[in-house]
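Here's data05.cif, which has mmCIF, C-alpha atoms:
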data_upload
loop_
_atom_site.label_atom_id
_atom_site.label_comp_id
_atom_site.auth_asym_id
_atom_site.auth_seq_id
_atom_site.Cartn_x
_atom_site.Cartn_y
_atom_site.Cartn_z
CA MET A 1 17.10 -5.08 -18.95
CA LYS A 2 19.20 -5.85 -15.90
CA ASN A 3 20.15 -9.41 -15.20
CA ILE A 4 17.37 -10.70 -12.91
CA LEU A 5 19.87 -12.34 -10.56
CA ALA A 6 21.62 -9.00 -10.12
CA LEU A 7 18.24 -7.39 -9.43
CA VAL A 8 17.49 -9.98 -6.76
CA ILE A 9 20.78 -9.26 -5.01
CA ALA A 10 20.34 -5.50 -5.33
CA THR A 11 16.84 -5.50 -3.88
CA CYS A 12 17.26 -8.16 -1.21
CA PRO A 13 19.83 -7.23 1.47
CA VAL A 14 19.96 -10.76 2.89
CA LEU A 15 20.83 -12.26 -0.50
CA ALA A 16 23.36 -9.51 -1.04
CA GLN A 17 25.08 -10.49 2.19
CA LEU A 18 24.93 -14.15 1.22
CA GLN A 19 27.15 -13.32 -1.75
CA THR A 20 29.92 -12.53 0.73
CA GLY A 21 29.39 -15.84 2.50
CA PHE A 22 28.81 -14.18 5.85
CA ILE A 23 25.80 -12.65 7.53
CA GLN A 24 26.07 -10.85 10.83
CA VAL A 25 22.90 -9.85 12.63
CA GLU A 26 23.14 -8.22 16.00
CA THR A 27 20.24 -9.36 18.17
CA THR A 28 19.13 -8.89 21.71
CA LEU A 29 17.16 -11.08 24.06
CA LEU A 30 13.80 -9.52 24.82
CA SER A 31 14.49 -8.38 28.35
CA GLY A 32 12.62 -5.10 28.49
CA ALA A 33 9.60 -4.19 30.58
CA ALA A 34 7.30 -2.73 27.93
CA GLY A 35 4.36 -4.47 26.30
CA ILE A 36 1.86 -4.31 23.43
CA ALA A 37 -1.55 -5.99 23.66
CA GLY A 38 -4.75 -5.88 21.65
CA THR A 39 -6.91 -7.65 19.09
CA VAL A 40 -6.96 -8.35 15.34
CA ASP A 41 -9.98 -7.68 13.11
CA GLY A 42 -10.88 -9.70 10.02
CA VAL A 43 -10.06 -13.12 11.46
CA PRO A 44 -12.34 -15.94 10.18
CA PRO A 45 -14.34 -17.67 12.92
CA GLY A 46 -12.38 -20.41 14.64
CA LYS A 47 -9.11 -19.44 12.94
CA ALA A 48 -7.61 -17.10 15.55
CA GLU A 49 -4.82 -19.47 16.51
CA GLN A 50 -3.54 -19.51 12.89
CA VAL A 51 -2.96 -15.74 13.02
CA ARG A 52 0.30 -14.27 14.30
CA VAL A 53 1.23 -10.76 15.35
CA THR A 54 4.88 -9.85 14.86
CA VAL A 55 6.61 -6.69 16.04
CA VAL A 56 9.96 -5.52 14.68
CA ARG A 57 11.77 -2.63 16.35
CA THR A 58 12.65 0.09 13.85
CA GLU A 59 13.98 2.73 16.27
CA PRO A 60 16.58 2.05 17.43
CA ALA A 61 17.22 -0.46 14.65
CA SER A 62 20.19 -2.02 16.42
CA PRO A 63 20.35 -4.27 18.27
CA LEU A 64 17.54 -6.07 16.46
CA ALA A 65 14.46 -6.79 18.57
CA VAL A 66 11.70 -9.02 17.16
CA ALA A 67 8.79 -10.75 18.89
CA SER A 68 5.91 -12.83 17.55
CA ILE A 69 2.89 -14.53 19.06
CA ALA A 70 -0.22 -16.41 17.91
CA LEU A 71 -3.62 -15.01 18.78
CA ALA A 72 -5.55 -16.52 21.65
CA LYS A 73 -8.85 -18.20 20.83
CA ASP A 74 -10.70 -14.97 21.58
CA GLY A 75 -8.58 -13.06 19.02
CA SER A 76 -6.46 -11.22 21.55
CA PHE A 77 -2.68 -11.09 21.99
CA ALA A 78 -0.14 -9.75 24.46
CA LEU A 79 3.56 -9.25 23.75
CA ASN A 80 5.59 -8.56 26.86
CA ALA A 81 9.23 -8.08 27.89
CA LEU A 82 9.80 -5.67 24.98
CA PRO A 83 12.74 -3.26 25.06
CA ALA A 84 11.74 0.39 24.65
CA GLY A 85 11.48 1.74 21.11
CA THR A 86 9.29 2.11 18.05
CA TYR A 87 7.92 -1.11 16.58
CA ARG A 88 6.36 -1.97 13.25
CA VAL A 89 3.42 -4.30 13.81
CA CYS A 90 2.68 -6.97 11.20
CA VAL A 91 -0.18 -9.46 11.02
CA ASN A 92 -0.29 -12.66 8.97
CA SER A 93 -1.96 -16.07 8.91
CA THR A 94 -0.63 -19.55 8.29
CA GLU A 95 -3.91 -20.47 6.58
CA GLY A 96 -6.24 -18.81 4.09
CA ASP A 97 -5.78 -16.08 1.51
CA PHE A 98 -4.16 -13.43 3.68
CA VAL A 99 -0.99 -11.40 3.18
CA ASP A 100 1.73 -10.38 5.60
CA THR A 101 1.79 -6.57 5.61
CA CYS A 102 5.54 -6.50 6.30
CA THR A 103 6.40 -8.88 3.45
CA TRP A 104 4.55 -6.81 0.85
CA GLY A 105 5.32 -3.33 2.13
CA LEU A 106 1.66 -2.60 2.83
CA PRO A 107 0.77 0.19 5.25
CA ALA A 108 1.59 -1.12 8.70
CA THR A 109 1.01 0.34 12.11
CA SER A 110 3.92 1.63 14.16
CA VAL A 111 3.71 1.94 17.93
CA THR A 112 6.18 3.36 20.42
CA VAL A 113 6.72 2.09 23.95
CA SER A 114 9.05 3.45 26.58
CA GLY A 115 10.33 2.04 29.84
CA ALA A 116 7.70 -0.17 31.44
CA GLN A 117 4.83 1.24 29.34
CA LYS A 118 2.06 -1.25 28.53
CA LEU A 119 -0.02 -0.40 25.47
CA ALA A 120 -3.42 -2.09 25.67
CA ALA A 121 -6.52 -2.28 23.45
CA GLN A 122 -4.48 -1.90 20.24
CA LYS A 123 -6.44 -2.89 17.09
CA PHE A 124 -4.90 -4.35 13.95
CA THR A 125 -6.34 -5.93 10.80
CA LEU A 126 -5.73 -9.19 8.93
CA THR A 127 -5.44 -8.24 5.24
CA SER A 128 -7.02 -10.39 2.52
CA GLY A 129 -5.19 -11.18 -0.70
CA VAL A 130 -5.56 -13.44 -3.76
CA ARG A 131 -3.68 -16.52 -4.88
CA PHE A 132 -1.11 -15.99 -7.63
CA LYS A 133 -0.22 -19.15 -9.54
CA VAL A 134 2.75 -19.86 -11.79
CA ARG A 135 3.03 -22.96 -13.97
CA ILE A 136 6.26 -23.99 -15.69
CA ASP A 137 5.67 -26.77 -18.23
CA ASP A 138 8.59 -29.08 -18.96
CA PRO A 139 7.47 -31.32 -21.83
CA GLY A 140 11.00 -32.52 -22.53
CA GLY A 141 11.91 -33.36 -18.94
CA ASN A 142 14.78 -30.88 -19.03
CA LEU A 143 14.43 -30.05 -15.34
CA GLN A 144 15.14 -33.65 -14.35
CA PRO A 145 18.70 -34.49 -13.22
CA LYS A 146 20.83 -36.14 -15.87
CA ALA A 147 23.34 -38.90 -15.24
CA GLY A 148 25.95 -37.65 -12.77
CA GLU A 149 23.82 -34.71 -11.58
CA LYS A 150 22.57 -34.57 -8.00
CA VAL A 151 19.92 -31.97 -8.82
CA GLY A 152 18.36 -30.66 -11.98
CA PRO A 153 18.50 -27.10 -13.37
CA HIS A 154 17.27 -24.24 -11.19
CA ILE A 155 14.74 -21.57 -12.16
CA LEU A 156 14.39 -18.39 -10.14
CA VAL A 157 10.72 -17.35 -9.92
CA ALA A 158 9.81 -14.26 -7.90
CA VAL A 159 7.32 -11.47 -7.38
CA GLN A 160 8.58 -7.91 -6.98
CA GLY A 161 6.71 -5.50 -4.73
CA SER A 162 7.68 -2.30 -2.97
CA ASN A 163 9.84 -4.31 -0.54
CA GLY A 164 11.91 -5.96 -3.28
CA LEU A 165 11.79 -9.45 -4.76
CA LEU A 166 10.08 -12.34 -3.00
CA PRO A 167 11.42 -15.63 -4.42
CA LEU A 168 8.81 -18.39 -4.72
CA VAL A 169 9.32 -22.04 -3.80
CA PRO A 170 7.70 -24.76 -5.94
CA LEU A 171 4.47 -26.00 -4.40
CA ALA A 172 4.53 -29.18 -6.50
CA SER A 173 6.90 -30.73 -9.02
CA SER A 174 6.81 -33.64 -11.44
CA ARG A 175 8.46 -34.72 -14.64
CA ALA A 176 5.88 -32.57 -16.45
CA GLY A 177 6.83 -29.32 -14.71
CA LEU A 178 6.62 -27.09 -11.66
CA ASP A 179 3.79 -25.30 -9.89
CA TYR A 180 4.22 -22.21 -7.72
CA GLU A 181 1.61 -20.44 -5.63
CA THR A 182 1.58 -17.56 -3.19
CA VAL A 183 -0.89 -15.02 -1.82
CA ILE A 184 -0.40 -11.48 -3.11
CA PRO A 185 -2.09 -8.20 -2.12
CA VAL A 186 -5.08 -6.87 -4.02
CA GLY A 187 -4.71 -3.63 -5.99
CA GLN A 188 -0.93 -3.23 -5.51
CA PRO A 189 1.45 -2.81 -8.49
CA LEU A 190 3.61 -5.93 -8.72
CA LYS A 191 6.10 -7.39 -11.18
CA PHE A 192 6.90 -10.98 -12.08
CA ALA A 193 10.49 -12.16 -12.48
CA ALA A 194 11.92 -15.36 -13.95
CA PHE A 195 15.51 -16.31 -14.69
CA SER A 196 17.59 -19.42 -15.30
CA LYS A 197 21.24 -19.92 -16.13
CA THR A 198 20.71 -23.48 -17.26
CA VAL A 199 17.46 -23.73 -19.26
CA ASP A 200 15.72 -21.69 -21.94
CA LEU A 201 12.25 -20.47 -21.01
CA GLU A 202 9.39 -19.48 -23.29
CA ASP A 203 6.47 -17.21 -22.35
CA GLU A 204 2.78 -17.62 -23.17
CA SER A 205 3.28 -16.12 -26.64
CA ARG A 206 6.06 -18.65 -27.39
CA GLN A 207 8.77 -16.01 -27.21
CA LEU A 208 12.05 -17.06 -25.63
CA LEU A 209 12.96 -15.11 -22.53
CA PRO A 210 16.15 -13.04 -22.84
CA ALA A 211 19.33 -14.44 -21.34
CA THR A 212 19.03 -11.75 -18.67
CA GLY A 213 15.62 -13.06 -17.60
CA MET A 214 12.10 -11.68 -17.48
CA LEU A 215 10.76 -8.80 -15.42
CA ARG A 216 7.25 -7.72 -16.39
CA ASP A 217 4.26 -6.02 -14.82
CA LEU A 218 1.54 -8.24 -13.42
CA PRO A 219 -2.08 -7.33 -14.06
CA THR A 220 -3.44 -5.65 -10.95
CA ALA A 221 -4.84 -8.40 -8.77
CA THR A 222 -8.53 -8.41 -7.92
CA ALA A 223 -10.57 -10.98 -6.06
CA ALA A 224 -12.44 -11.74 -9.29
CA ALA A 225 -9.36 -11.92 -11.53
CA PRO A 226 -6.19 -13.15 -9.80
CA PRO A 227 -3.20 -13.06 -12.18
CA THR A 228 -1.52 -16.23 -13.46
CA VAL A 229 1.70 -16.89 -15.41
CA ARG A 230 2.59 -19.90 -17.57
CA LEU A 231 6.08 -20.56 -18.92
CA THR A 232 7.57 -23.48 -20.83
CA VAL A 233 11.05 -25.02 -20.70
CA ARG A 234 12.33 -25.36 -24.26
CA GLY A 235 15.68 -27.01 -23.54
CA ARG A 236 18.95 -26.71 -21.71
CA LYS A 237 21.40 -23.94 -22.51
#
What do you get writing this file as structure tokens?
Amino acid sequence: MKNILALVIATCPVLAQLQTGFIQVETTLLSGAAGIAGTVDGVPPGKAEQVRVTVVRTEPASPLAVASIALAKDGSFALNALPAGTYRVCVNSTEGDFVDTCTWGLPATSVTVSGAQKLAAQKFTLTSGVRFKVRIDDPGGNLQPKAGEKVGPHILVAVQGSNGLLPLVPLASSRAGLDYETVIPVGQPLKFAAFSKTVDLEDESRQLLPATGMLRDLPTATAAAPPTVRLTVRGRK
């Protein structure tokens, strides 16, 4: 199995660039005359303002052009001052069990605008997902900083979809362990990755993870049976 850290770098262009210590992104101020407006289906009542529509220009890809806006209370949006080109349209929500179509590589709508063209009455959909939870037990307190350490050992926890690896950030931490949680798409093949240079991890069957880390298939997520993962820290390396 490949080292999980190498897999992260290989599948995540931003992290790959971070290895060089320098990231250069060519951007442009949105100074065009085109526009995209419409509505989003599937929004819970009273939650429109938690939903955002983001457009990313794919043709031409450079200079980068990105715009994002929250829905109005009536569920509508209007993005203006867009440079001409083809845009991928993504919808996500800051609340609830919904997934960002761009993050997970789900089918997304592309629209093309030219010159001062204004596309109106466009319809997009907020996509439901399920919560994926990861628990890392640390009965020995091995993740706590020791004398002279500013921070304790690090564990990389991620979900791999068609767009590469999405690293997860701990939702809660204590001396007893770490909890991670994210919303993942329903019915999409996904993999779970875990890796640490500094601690030994054990899976649910009490098998130590290889030094190169873990990369395994997740059960296909359904609303009735969201997948979970539980690991245990068995000591420092």
- Message: One number please: atom CA of Pro139 of chain A to atom CA of Ala176 of chain A, in Å, one decimal.
- Response: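 Interatomic distance here is 5.7 Å.
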What are the centre and edge lengths in Å, to one decimal, of the axis-aligned box around all listed atoms of segment 53-70 of chain A with 4 Å added on each side, as JSON?
{"center_x": 10.1, "center_y": -6.8, "center_z": 16.5, "size_x": 28.6, "size_y": 27.1, "size_z": 13.2}
Determine, counting only C-alpha atoms, which protein, DNA and RNA residues have an atom within 7 Å of an atom of Val66 of chain A; residues of the same chain fewer than 2 positions away are not included. Present the result as a short mmCIF file (atom, residue, chain, number, x, y, z; two decimals) with C-alpha atoms, keeping the file's coordinate frame.
data_model
loop_
_atom_site.label_atom_id
_atom_site.label_comp_id
_atom_site.auth_asym_id
_atom_site.auth_seq_id
_atom_site.Cartn_x
_atom_site.Cartn_y
_atom_site.Cartn_z
CA VAL A 55 6.61 -6.69 16.04
CA VAL A 56 9.96 -5.52 14.68
CA ARG A 57 11.77 -2.63 16.35
CA LEU A 64 17.54 -6.07 16.46
CA SER A 68 5.91 -12.83 17.55
#
Mind dumping a table of every segment 37-87 of chain A residue within 9 Å of segment 105-114 of chain A, with the nearest atom pair and its distance in Å to one decimal, using only C-alpha atoms, sorted by chain and rising number, as a tab-separated table?
residue	atom	partner	partner_atom	distance
A:Val55	CA	A:Ser110	CA	8.9
A:Thr58	CA	A:Ser110	CA	8.9
A:Glu59	CA	A:Thr112	CA	8.9
A:Leu82	CA	A:Val113	CA	8.4
A:Pro83	CA	A:Ser114	CA	7.8
A:Ala84	CA	A:Ser114	CA	4.5
A:Gly85	CA	A:Val113	CA	5.6
A:Thr86	CA	A:Thr112	CA	4.1
A:Tyr87	CA	A:Val111	CA	5.4
- Query: Do you know which residues lie at most 7 Å from (-3.3, -0.8, -9.8), with coordinates as in the file and all atoms listed in the file counted, and could you write them as a ChimeraX atom specification?
  - Reply: /A:187-189,220
Residues near Thr127 of chain A, cut-off 10 Å, only C-alpha atoms, skip fewer than 3 positions along chain, as an mmCIF file with C-alpha atoms, in the coordinates of the input:
data_model
loop_
_atom_site.group_PDB
_atom_site.id
_atom_site.type_symbol
_atom_site.label_atom_id
_atom_site.label_comp_id
_atom_site.auth_asym_id
_atom_site.auth_seq_id
_atom_site.Cartn_x
_atom_site.Cartn_y
_atom_site.Cartn_z
ATOM 1 C CA ASP A 41 -9.980 -7.680 13.110
ATOM 2 C CA GLY A 42 -10.880 -9.700 10.020
ATOM 3 C CA VAL A 43 -10.060 -13.120 11.460
ATOM 4 C CA VAL A 91 -0.180 -9.460 11.020
ATOM 5 C CA ASN A 92 -0.290 -12.660 8.970
ATOM 6 C CA SER A 93 -1.960 -16.070 8.910
ATOM 7 C CA ASP A 97 -5.780 -16.080 1.510
ATOM 8 C CA PHE A 98 -4.160 -13.430 3.680
ATOM 9 C CA VAL A 99 -0.990 -11.400 3.180
ATOM 10 C CA ASP A 100 1.730 -10.380 5.600
ATOM 11 C CA THR A 101 1.790 -6.570 5.610
ATOM 12 C CA LEU A 106 1.660 -2.600 2.830
ATOM 13 C CA PHE A 124 -4.900 -4.350 13.950
ATOM 14 C CA PRO A 185 -2.090 -8.200 -2.120
ATOM 15 C CA VAL A 186 -5.080 -6.870 -4.020
#
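Counting only C-alpha atoms, segment 199-212 of chain A has the following residues at most 6 Å away, ignoring those fewer than 5 positions along the same chain: Asn3, Leu231, Thr232, Val233, Arg234, Gly235, Arg236 and Lys237 of chain A.
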- Query: Evaluating the PyMOL selection byres ((chain A and resi 168-171) around 6) on the displayed file yields which residues, as a ChimeraX atom specification?
  - Reply: /A:157-158,167,172,179-180
- Distance of atom CA of Ser62 of chain A from atom CA of Ala116 of chain A, expressed in Å to one decimal place: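 Atom-to-atom, atom CA of Ala116 of chain A and atom CA of Ser62 of chain A are spaced 19.6 Å apart.
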- Message: Using Å and a single decimal, report how far atom CA of Val183 of chain A sits from atom CA of Ala121 of chain A.
- Response: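 Here the two named atoms are 28.9 Å from each other.
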- Message: Show me the residues around (-4.7, -21.3, 7.4) - criterion: an atom at most 7 Å away, only C-alpha atoms counted - as a PyMOL selection string.
- Response: chain A and resi 50+93-96
- Item | Which residue of A:Cys90, A:Leu156, A:Ala65, A:Ala34 approaches Thr103 of chain A most closely, using all atoms listed in the file |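 Comparing A:Cys90, A:Leu156, A:Ala65, A:Ala34 against Thr103 of chain A, the winner is A:Cys90.
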- Give me the residues within 7 Å of Ile184 of chain A as a PyMOL selection string, counting all atoms listed in the file and dropping any in the same chain fewer than 3 places off. chain A and resi 99+129-132
- Taking only C-alpha atoms into account, which of A:Lys123, A:Lys150, A:Arg216, A:Arg88 comes nearest Ala61 of chain A?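 Among the listed residues, A:Arg88 lies closest to Ala61 of chain A.
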- Looking at A:Val134, A:Leu178, A:Ala147, A:Leu218, which one is nearest to Gly161 of chain A, with distances taken over only C-alpha atoms?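 Once distances to Gly161 of chain A are computed over only C-alpha atoms, the minimum belongs to A:Leu218.
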Residue by residue, what does the PyMOL selection byres ((chain A and resi 196) around 7) grab here? Present the result as a PDB file with C-alpha atoms, in the coordinates of the input.
ATOM      1  CA  HIS A 154      17.270 -24.240 -11.190  1.00  0.00           C
ATOM      2  CA  ILE A 155      14.740 -21.570 -12.160  1.00  0.00           C
ATOM      3  CA  LEU A 156      14.390 -18.390 -10.140  1.00  0.00           C
ATOM      4  CA  PHE A 195      15.510 -16.310 -14.690  1.00  0.00           C
ATOM      5  CA  LYS A 197      21.240 -19.920 -16.130  1.00  0.00           C
ATOM      6  CA  THR A 198      20.710 -23.480 -17.260  1.00  0.00           C
ATOM      7  CA  VAL A 199      17.460 -23.730 -19.260  1.00  0.00           C
TER       8      VAL A 199
END
